[in-house]
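Okay, target36.txt now, which holds compact mmCIF, C-alpha atoms:
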# COMPACT_ATOMS: atom_id res chain seq x y z
CA MET F 742 0.39 22.45 44.98
CA LYS F 743 1.22 18.91 45.93
CA THR F 744 -2.34 17.65 45.21
CA ARG F 745 -2.24 19.35 41.81
CA PHE F 746 1.05 17.63 41.02
CA THR F 747 -0.37 14.26 42.09
CA TYR F 748 -3.48 14.93 40.01
CA ILE F 749 -1.37 15.59 36.89
CA ILE F 750 0.74 12.49 37.45
CA VAL F 751 -2.31 10.25 37.99
CA THR F 752 -4.18 11.65 34.98
CA THR F 753 -1.16 11.30 32.69
CA THR F 754 -0.59 7.73 33.86
CA ILE F 755 -4.22 6.78 33.23
CA ILE F 756 -4.24 8.38 29.77
CA ALA F 757 -0.90 6.79 28.83
CA GLY F 758 -2.13 3.43 30.10
CA ALA F 759 -5.36 3.68 28.14
CA LEU F 760 -3.49 4.72 24.99
CA ALA F 761 -1.06 1.83 25.37
CA TYR F 762 -3.95 -0.61 25.96
CA PHE F 763 -6.06 0.51 22.99
CA GLY F 764 -2.95 0.89 20.84
CA TYR F 765 -1.99 -2.69 21.61
CA GLN F 766 -5.53 -3.90 20.96
CA TYR F 767 -5.40 -2.17 17.60
CA MET F 768 -1.97 -3.45 16.61
CA PHE F 769 -2.50 -6.98 17.89
CA PRO F 770 -6.22 -7.73 17.76
CA GLU F 771 -7.39 -11.07 19.07
CA GLN F 772 -7.61 -13.95 16.62
CA ARG F 773 -11.09 -14.90 15.47
CA ASN F 774 -12.77 -17.66 17.38
CA ILE F 775 -14.98 -19.25 14.74
CA LEU F 776 -16.68 -21.61 17.17
CA GLU F 777 -17.86 -18.67 19.29
CA GLU F 778 -18.96 -16.56 16.32
CA GLU F 779 -22.52 -16.48 15.10
CA VAL F 780 -23.32 -18.62 12.06
CA ALA F 781 -23.82 -16.50 8.92
CA PHE F 782 -25.06 -19.33 6.66
CA THR F 783 -26.58 -22.73 7.30
CA LEU F 784 -26.85 -24.78 4.13
CA PRO F 785 -26.13 -28.27 2.76
CA PRO F 786 -22.66 -28.99 1.29
CA GLU F 787 -24.11 -29.30 -2.20
CA SER F 788 -25.76 -25.87 -2.10
CA LEU F 789 -22.55 -24.20 -0.96
CA ASN F 790 -20.63 -25.91 -3.75
CA GLU F 791 -23.23 -24.83 -6.31
CA ALA F 792 -23.08 -21.26 -5.04
CA PHE F 793 -19.38 -21.15 -5.91
CA GLN F 794 -19.95 -22.66 -9.32
CA ALA F 795 -22.47 -19.92 -10.09
CA ASP F 796 -20.15 -17.20 -8.81
CA THR F 797 -16.53 -18.34 -8.60
CA LEU F 798 -15.47 -15.46 -6.36
CA GLY F 799 -18.24 -16.33 -3.89
CA LEU F 800 -17.76 -13.10 -2.00
CA ASP F 801 -20.98 -13.60 -0.06
CA TYR F 802 -19.58 -16.73 1.56
CA ILE F 803 -15.80 -16.25 1.78
CA ASP F 804 -14.55 -15.57 5.31
CA GLN F 805 -18.03 -16.16 6.72
CA VAL F 806 -18.96 -18.67 9.38
CA VAL F 807 -20.89 -21.54 7.78
CA GLN F 808 -22.69 -24.48 9.31
CA THR F 809 -23.42 -27.54 7.24
CA THR F 810 -24.62 -31.11 7.65
CA GLY F 811 -23.53 -33.94 5.39
CA LYS F 812 -22.19 -37.46 5.08
CA VAL F 813 -18.49 -38.11 5.55
CA THR F 814 -17.32 -39.31 2.13
CA GLU F 815 -13.60 -39.18 2.88
CA PHE F 816 -11.45 -38.35 5.89
CA ASP F 817 -7.91 -38.36 7.19
CA SER F 818 -6.16 -36.88 10.17
CA GLY F 819 -7.37 -33.32 10.48
CA TRP F 820 -9.74 -33.11 7.53
CA ILE F 821 -13.03 -34.48 6.26
CA VAL F 822 -14.94 -34.32 3.00
CA LEU F 823 -18.71 -33.99 3.28
CA ASP F 824 -20.97 -35.25 0.46
CA ASN F 825 -18.00 -34.87 -1.95
CA HIS F 826 -18.70 -31.14 -1.95
CA ILE F 827 -16.91 -29.63 1.03
CA GLN F 828 -13.50 -30.23 2.55
CA ALA F 829 -13.36 -29.10 6.15
CA ASN F 830 -10.09 -28.74 8.01
CA LEU F 831 -10.68 -29.41 11.67
CA LEU F 832 -9.34 -27.40 14.58
CA PRO F 833 -6.61 -29.22 16.54
CA SER F 834 -9.14 -29.90 19.32
CA ASN F 835 -11.20 -31.98 16.86
CA ILE F 836 -8.44 -33.99 15.25
CA ASP F 837 -9.04 -37.08 17.35
CA ALA F 838 -12.80 -37.08 16.76
CA PRO F 839 -14.03 -40.61 16.04
CA LEU F 840 -15.07 -40.65 12.39
CA SER F 841 -16.25 -43.22 9.92
CA LYS F 842 -17.38 -43.20 6.33
CA ASP F 843 -21.03 -42.35 5.62
CA MET F 844 -21.46 -40.96 9.11
CA GLU F 845 -23.69 -37.88 9.14
CA ILE F 846 -22.20 -34.93 10.96
CA THR F 847 -22.67 -31.18 11.34
CA ILE F 848 -19.70 -28.86 11.25
CA LYS F 849 -19.18 -25.18 11.84
CA GLY F 850 -16.23 -23.40 10.28
CA ARG F 851 -14.91 -20.56 8.17
CA CYS F 852 -15.49 -20.69 4.42
CA VAL F 853 -12.14 -20.18 2.66
CA GLY F 854 -13.09 -20.51 -1.01
CA TYR F 855 -13.50 -22.82 -3.96
CA ASP F 856 -10.76 -25.24 -4.93
CA GLU F 857 -10.99 -25.90 -8.67
CA LEU F 858 -8.45 -28.71 -8.66
CA LEU F 859 -10.57 -30.82 -6.32
CA GLU F 860 -13.92 -29.17 -7.12
CA LEU F 861 -14.46 -28.74 -3.41
CA VAL F 862 -15.34 -25.77 -1.22
CA LYS F 863 -12.72 -25.47 1.48
CA VAL F 864 -13.68 -24.68 5.04
CA ASP F 865 -11.09 -24.22 7.79
CA GLN F 866 -11.05 -23.87 11.61
CA ALA F 867 -13.93 -26.32 11.64
CA THR F 868 -15.51 -27.95 14.67
CA ILE F 869 -17.80 -30.97 14.62
CA ILE F 870 -20.83 -29.79 16.53
CA LEU F 871 -23.19 -32.71 16.02
CA TYR F 872 -22.75 -36.41 15.33
CA MET Q 503 -15.91 -51.94 -39.82
CA LYS Q 504 -16.87 -48.49 -38.69
CA ILE Q 505 -18.45 -49.86 -35.51
CA GLN Q 506 -15.33 -51.90 -34.87
CA ASN Q 507 -13.21 -48.78 -35.18
CA THR Q 508 -15.44 -46.89 -32.78
CA PHE Q 509 -15.12 -49.70 -30.27
CA PHE Q 510 -11.38 -49.69 -30.67
CA VAL Q 511 -11.18 -45.95 -30.06
CA LEU Q 512 -13.47 -46.22 -27.04
CA ALA Q 513 -11.44 -49.05 -25.59
CA LEU Q 514 -8.27 -47.04 -26.12
CA MET Q 515 -9.77 -44.00 -24.40
CA LEU Q 516 -10.90 -46.12 -21.50
CA ALA Q 517 -7.48 -47.70 -21.15
CA GLN Q 518 -5.85 -44.29 -21.26
CA SER Q 519 -8.09 -42.83 -18.58
CA PHE Q 520 -7.41 -45.91 -16.47
CA VAL Q 521 -3.66 -45.47 -16.82
CA SER Q 522 -3.76 -41.76 -16.00
CA ALA Q 523 -6.03 -42.35 -13.00
CA GLN Q 524 -3.49 -44.81 -11.68
CA ASP Q 525 -0.67 -42.32 -11.97
CA LYS Q 526 -2.37 -39.57 -10.02
CA TYR Q 527 -1.20 -38.61 -6.56
CA VAL Q 528 -3.09 -36.08 -4.50
CA ASP Q 529 -2.44 -34.07 -1.36
CA LYS Q 530 -5.52 -32.25 -0.11
CA ASN Q 531 -3.74 -30.78 2.87
CA GLY Q 532 -0.36 -29.58 1.75
CA GLN Q 533 1.50 -26.89 3.62
CA VAL Q 534 2.92 -23.69 2.16
CA THR Q 535 4.62 -21.06 4.31
CA PHE Q 536 6.01 -17.74 3.22
CA GLU Q 537 8.17 -15.40 5.21
CA ALA Q 538 9.17 -11.80 4.52
CA SER Q 539 10.53 -10.89 7.95
CA GLU Q 540 13.18 -8.26 8.50
CA LYS Q 541 15.52 -8.40 11.48
CA LEU Q 542 14.42 -6.39 14.53
CA PHE Q 543 10.88 -6.02 13.17
CA GLU Q 544 7.74 -8.05 13.77
CA GLU Q 545 7.65 -11.43 12.05
CA VAL Q 546 5.94 -11.36 8.64
CA LYS Q 547 5.07 -15.00 8.17
CA ALA Q 548 1.98 -16.94 7.15
CA THR Q 549 1.09 -20.58 6.67
CA ASN Q 550 -1.62 -22.28 4.66
CA SER Q 551 -2.17 -25.87 5.78
CA SER Q 552 -4.89 -26.67 3.29
CA VAL Q 553 -3.06 -26.43 -0.03
CA THR Q 554 -4.08 -28.82 -2.78
CA ALA Q 555 -1.46 -30.48 -4.94
CA ILE Q 556 -1.82 -33.06 -7.68
CA PHE Q 557 1.14 -34.96 -9.06
CA ASP Q 558 1.02 -37.17 -12.13
CA SER Q 559 3.77 -39.76 -11.83
CA GLY Q 560 3.41 -40.65 -15.52
CA THR Q 561 3.89 -37.21 -17.04
CA LEU Q 562 5.69 -35.76 -13.97
CA GLU Q 563 3.33 -32.79 -14.05
CA ILE Q 564 2.54 -31.06 -10.81
CA ALA Q 565 -0.30 -28.63 -10.13
CA SER Q 566 -1.01 -26.86 -6.89
CA LEU Q 567 -3.63 -24.45 -5.63
CA ALA Q 568 -3.65 -22.38 -2.45
CA LEU Q 569 -6.62 -20.27 -1.48
CA VAL Q 570 -5.15 -16.95 -0.40
CA LYS Q 571 -7.64 -16.56 2.44
CA GLY Q 572 -6.25 -19.77 3.89
CA PHE Q 573 -2.93 -18.12 4.83
CA THR Q 574 -2.97 -17.37 8.53
CA PHE Q 575 -0.66 -14.97 10.34
CA LYS Q 576 0.04 -14.74 14.06
CA ASN Q 577 -1.13 -11.14 13.99
CA SER Q 578 -4.66 -10.87 12.63
CA LEU Q 579 -4.27 -7.20 11.72
CA MET Q 580 -1.35 -8.19 9.50
CA GLU Q 581 -3.56 -10.87 7.96
CA GLU Q 582 -6.23 -8.27 7.24
CA HIS Q 583 -3.73 -5.91 5.59
CA PHE Q 584 -2.26 -8.77 3.58
CA ASN Q 585 -5.69 -9.71 2.22
CA GLU Q 586 -7.04 -6.22 1.64
CA ASN Q 587 -4.07 -4.07 0.66
CA TYR Q 588 -1.38 -6.34 -0.71
CA ILE Q 589 -2.68 -9.54 -2.25
CA GLU Q 590 -6.26 -8.26 -2.78
CA SER Q 591 -7.73 -11.68 -2.11
CA GLU Q 592 -11.29 -10.69 -2.99
CA THR Q 593 -10.21 -10.03 -6.58
CA TYR Q 594 -7.49 -12.69 -6.75
CA PRO Q 595 -8.53 -15.51 -4.40
CA LYS Q 596 -6.03 -18.13 -5.60
CA ALA Q 597 -2.34 -18.75 -5.88
CA THR Q 598 -1.48 -21.54 -8.30
CA PHE Q 599 1.60 -23.37 -9.45
CA LYS Q 600 1.80 -25.50 -12.56
CA GLY Q 601 5.01 -27.19 -13.51
CA ASN Q 602 7.01 -30.24 -14.38
CA LEU Q 603 9.51 -32.31 -12.47
CA LYS Q 604 12.61 -33.21 -14.46
CA ASP Q 605 14.49 -36.50 -14.61
CA LEU Q 606 12.58 -38.40 -11.99
CA ASP Q 607 12.01 -42.13 -12.06
CA VAL Q 608 9.12 -42.53 -9.63
CA SER Q 609 9.62 -46.30 -9.33
CA SER Q 610 13.15 -45.81 -7.99
CA LEU Q 611 12.10 -43.48 -5.16
CA SER Q 612 13.02 -44.62 -1.66
CA GLU Q 613 13.11 -43.25 1.86
CA GLU Q 614 16.31 -41.51 0.93
CA THR Q 615 15.82 -38.02 -0.40
CA THR Q 616 16.33 -37.44 -4.10
CA LYS Q 617 16.88 -33.92 -5.40
CA VAL Q 618 14.62 -33.24 -8.36
CA PRO Q 619 14.61 -30.05 -10.43
CA VAL Q 620 11.21 -28.51 -11.08
CA ALA Q 621 10.22 -25.70 -13.42
CA GLY Q 622 6.87 -24.03 -13.69
CA THR Q 623 4.76 -20.93 -13.35
CA LEU Q 624 3.59 -19.45 -10.10
CA GLU Q 625 0.51 -17.33 -10.49
CA LEU Q 626 -0.86 -14.94 -7.91
CA HIS Q 627 -2.35 -11.48 -7.78
CA GLY Q 628 -3.24 -11.99 -11.45
CA LYS Q 629 0.41 -12.23 -12.53
CA GLY Q 630 2.53 -15.21 -13.51
CA LYS Q 631 6.21 -15.81 -12.81
CA GLN Q 632 8.52 -18.56 -13.93
CA VAL Q 633 9.96 -20.48 -10.98
CA ASN Q 634 12.87 -22.90 -11.15
CA THR Q 635 13.83 -24.76 -8.04
CA GLU Q 636 14.77 -28.13 -6.63
CA LEU Q 637 12.52 -30.39 -4.61
CA ASP Q 638 13.51 -33.02 -2.08
CA VAL Q 639 11.49 -36.08 -3.01
CA LYS Q 640 11.18 -39.36 -1.15
CA ARG Q 641 8.78 -42.23 -0.76
CA VAL Q 642 7.65 -43.41 2.65
CA GLY Q 643 5.33 -46.36 2.31
CA ASP Q 644 2.58 -45.35 -0.11
CA ILE Q 645 3.26 -41.67 0.31
CA ILE Q 646 5.42 -39.55 -1.96
CA GLU Q 647 6.75 -36.65 0.03
CA MET Q 648 8.05 -33.43 -1.50
CA THR Q 649 9.62 -30.46 0.25
CA GLY Q 650 11.18 -27.39 -1.25
CA ASN Q 651 12.02 -23.72 -1.00
CA PHE Q 652 12.20 -20.85 -3.42
CA VAL Q 653 12.38 -17.08 -3.36
CA VAL Q 654 10.06 -14.57 -5.00
CA ALA Q 655 9.74 -10.80 -4.88
CA PRO Q 656 6.48 -8.87 -4.33
CA GLU Q 657 7.20 -6.73 -7.40
CA ASP Q 658 7.18 -9.85 -9.60
CA PHE Q 659 3.45 -9.97 -8.95
CA ASP Q 660 2.79 -6.22 -9.05
CA ILE Q 661 2.31 -6.14 -5.29
CA GLU Q 662 3.13 -2.68 -4.04
CA ILE Q 663 4.58 -2.26 -0.57
CA PRO Q 664 3.86 1.23 0.77
CA LYS Q 665 6.98 3.24 1.70
CA ILE Q 666 5.91 3.54 5.32
CA VAL Q 667 6.27 -0.21 5.92
CA ALA Q 668 8.89 -0.92 3.25
CA ASN Q 669 11.73 -1.46 5.75
CA LYS Q 670 9.64 -3.93 7.77
CA ILE Q 671 8.95 -6.27 4.87
CA ALA Q 672 11.75 -8.14 3.14
CA LYS Q 673 12.27 -7.59 -0.59
CA GLN Q 674 12.87 -11.31 -0.98
CA VAL Q 675 10.05 -13.55 0.16
CA GLN Q 676 11.03 -17.08 1.19
CA VAL Q 677 8.48 -19.71 0.25
CA ALA Q 678 8.57 -23.23 1.72
CA LEU Q 679 6.35 -26.10 0.68
CA HIS Q 680 5.63 -29.54 2.06
CA PHE Q 681 3.39 -32.01 0.25
CA LYS Q 682 2.51 -35.59 1.14
CA PHE Q 683 0.97 -37.23 -1.89
CA GLN Q 684 -1.29 -40.23 -1.66
CA LYS Q 685 -2.33 -42.32 -4.62
CA ARG Q 686 -5.80 -41.45 -5.77
Would you mind writing the structure in this file as structure tokens?
Amino acid sequence: MKTRFTYIIVTTTIIAGALAYFGYQYMFPEQRNILEEEVAFTLPPESLNEAFQADTLGLDYIDQVVQTTGKVTEFDSGWIVLDNHIQANLLPSNIDAPLSKDMEITIKGRCVGYDELLELVKVDQATIILY
Amino acid sequence: MKIQNTFFVLALMLAQSFVSAQDKYVDKNGQVTFEASEKLFEEVKATNSSVTAIFDSGTLEIASLALVKGFTFKNSLMEEHFNENYIESETYPKATFKGNLKDLDVSSLSEETTKVPVAGTLELHGKGKQVNTELDVKRVGDIIEMTGNFVVAPEDFDIEIPKIVANKIAKQVQVALHFKFQKR
């Protein structure tokens, strides 16, 4: 009798624990880690910009992890413009990266969309992976 | 005579474009936050730190664009629901504001905050809404800084909140903006 009671208690606890764990995972999933994610597209800044001009919604690219290599044409704390075609917002860990104009770099980040005011494709959560 | 006229018109156009280029201020990394939290429930708040804003100090026009996918929430499931069910960012990827500042003399701006009324149209989810608010404007060095707040309602933009979550999301959404304009 006692073993049966213990068995019920243990089983219920395990099930409740599992439900709570998976429930929590569902309600509060982990944030994406773009740097760890696999690259979906590798293409030059100009090609990405042209892709958005051909299809302004750019659904193939939005929210995807892109990797691109280009020359720094403009930069300030936390963001860079590559080849006058892409603006990448850097992750906090990259903010102090030593940058200079015309430097060629490779970044990996999440494509956010096309900014018509600046005529730039915006990329966020970017990391400089190659100088 | 005709050639002379053409030259005159060309020169005028050139001068005009020069003047307007000089008056343009740009912020490529403006910040817009909105919050629709209800007490006792999980925070409903998102920030976009990559908002573009262009301010013309000659005409006092202001234009801003935020890519909806750029709004990040603490809870990524909330972010997913926001994009897919509420704002439908695949169909409507942008939120824009176009307006005019009133009664502002840009040359008299200082480090002390000046309150400036602004009126314009906020467009998102394919719908436009007139917004009238006041901005705090100041100049720090070469930078013109603007901050402001206004309130909008999801129904203004035909955004339906399902009944099941209706008490967790505020009817009035607080929007805060912070732009630091640099001369182009």
Compare Q:Phe659, Q:Lys640, Q:Thr615, Q:Thr549 by their minimum atom-to-atom distance to Tyr594 in chain Q, counting all atoms listed in the file, and give me the closest one.
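Using all atoms listed in the file, the shortest distance to Tyr594 in chain Q belongs to Q:Phe659.
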Quick one: which residues from chain Q are at most 9 Å off chain F, using all atoms listed in the file, as a PyMOL selection string?
chain Q and resi 530-531+551-552+554-556+565-572+576-580+592-596
Give the answer as one residue: which of F:Asp837, F:Glu845, F:Glu778, F:Asp824 has the shortest atom-to-atom distance to Asn790 in chain F, using all atoms listed in the file?
F:Asp824
One decimal, Å: what's the distance from CA of Leu606 in chain Q over to CA of Arg686 in chain Q, could you say?
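Between CA of Leu606 in chain Q and CA of Arg686 in chain Q the gap works out to 19.6 Å.
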(-15.7, -22.1, 11.4) in this file's frame - what residues fall within 7 Å of it? Use only C-alpha atoms and give the answer as a list in words.
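Nearby residues: Ile775, Leu776, Val806, Val807, Lys849, Gly850, Arg851, Asp865, Gln866, Ala867 and Thr868 of chain F.
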Generate the output file for the selected residues, C-alpha atoms, as a short mmCIF file (atom, residue, chain, number, x, y, z; two decimals), keeping the file's coordinate frame.
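As a result, again-v8.cif now contains:
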data_model
loop_
_atom_site.label_atom_id
_atom_site.label_comp_id
_atom_site.auth_asym_id
_atom_site.auth_seq_id
_atom_site.Cartn_x
_atom_site.Cartn_y
_atom_site.Cartn_z
CA ILE F 775 -14.98 -19.25 14.74
CA LEU F 776 -16.68 -21.61 17.17
CA VAL F 806 -18.96 -18.67 9.38
CA VAL F 807 -20.89 -21.54 7.78
CA LYS F 849 -19.18 -25.18 11.84
CA GLY F 850 -16.23 -23.40 10.28
CA ARG F 851 -14.91 -20.56 8.17
CA ASP F 865 -11.09 -24.22 7.79
CA GLN F 866 -11.05 -23.87 11.61
CA ALA F 867 -13.93 -26.32 11.64
CA THR F 868 -15.51 -27.95 14.67
#
Restricting the calculation to all atoms listed in the file, which member of Q:Val534, Q:Leu626, Q:Ala668, Q:Leu611 is positioned closest to Lys547 in chain Q?
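Using all atoms listed in the file, Lys547 in chain Q sits closest to Q:Val534.
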Q:Asn634, Q:Thr574, Q:Ser612, Q:Asn602 ranked by distance to Leu562 in chain Q, top pick (using all atoms listed in the file)
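That would be Q:Asn602, the residue with the smallest distance to Leu562 in chain Q.
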What's around Pro786 in chain F at 9 Å? Count all atoms listed in the file, leave out sequence neighbours fewer than 6 positions away in its own chain, and write the answer as an MDAnalysis selection string.
chainID F and resid 809:811 823:827 862
One decimal, Å: what's the distance from CA of Glu657 in chain Q over to CA of Leu603 in chain Q, could you say?
26.2 Å
Centre and edge lengths, as lines of an AutoDock Vina configuration file, for the axis-aligned box enclosing every listed atom of range 857-871 of chain F with 8 Å of padding on each of the six sides, in Å to one decimal?
center_x = -15.8
center_y = -28.3
center_z = 3.9
size_x = 30.7
size_y = 24.8
size_z = 41.2
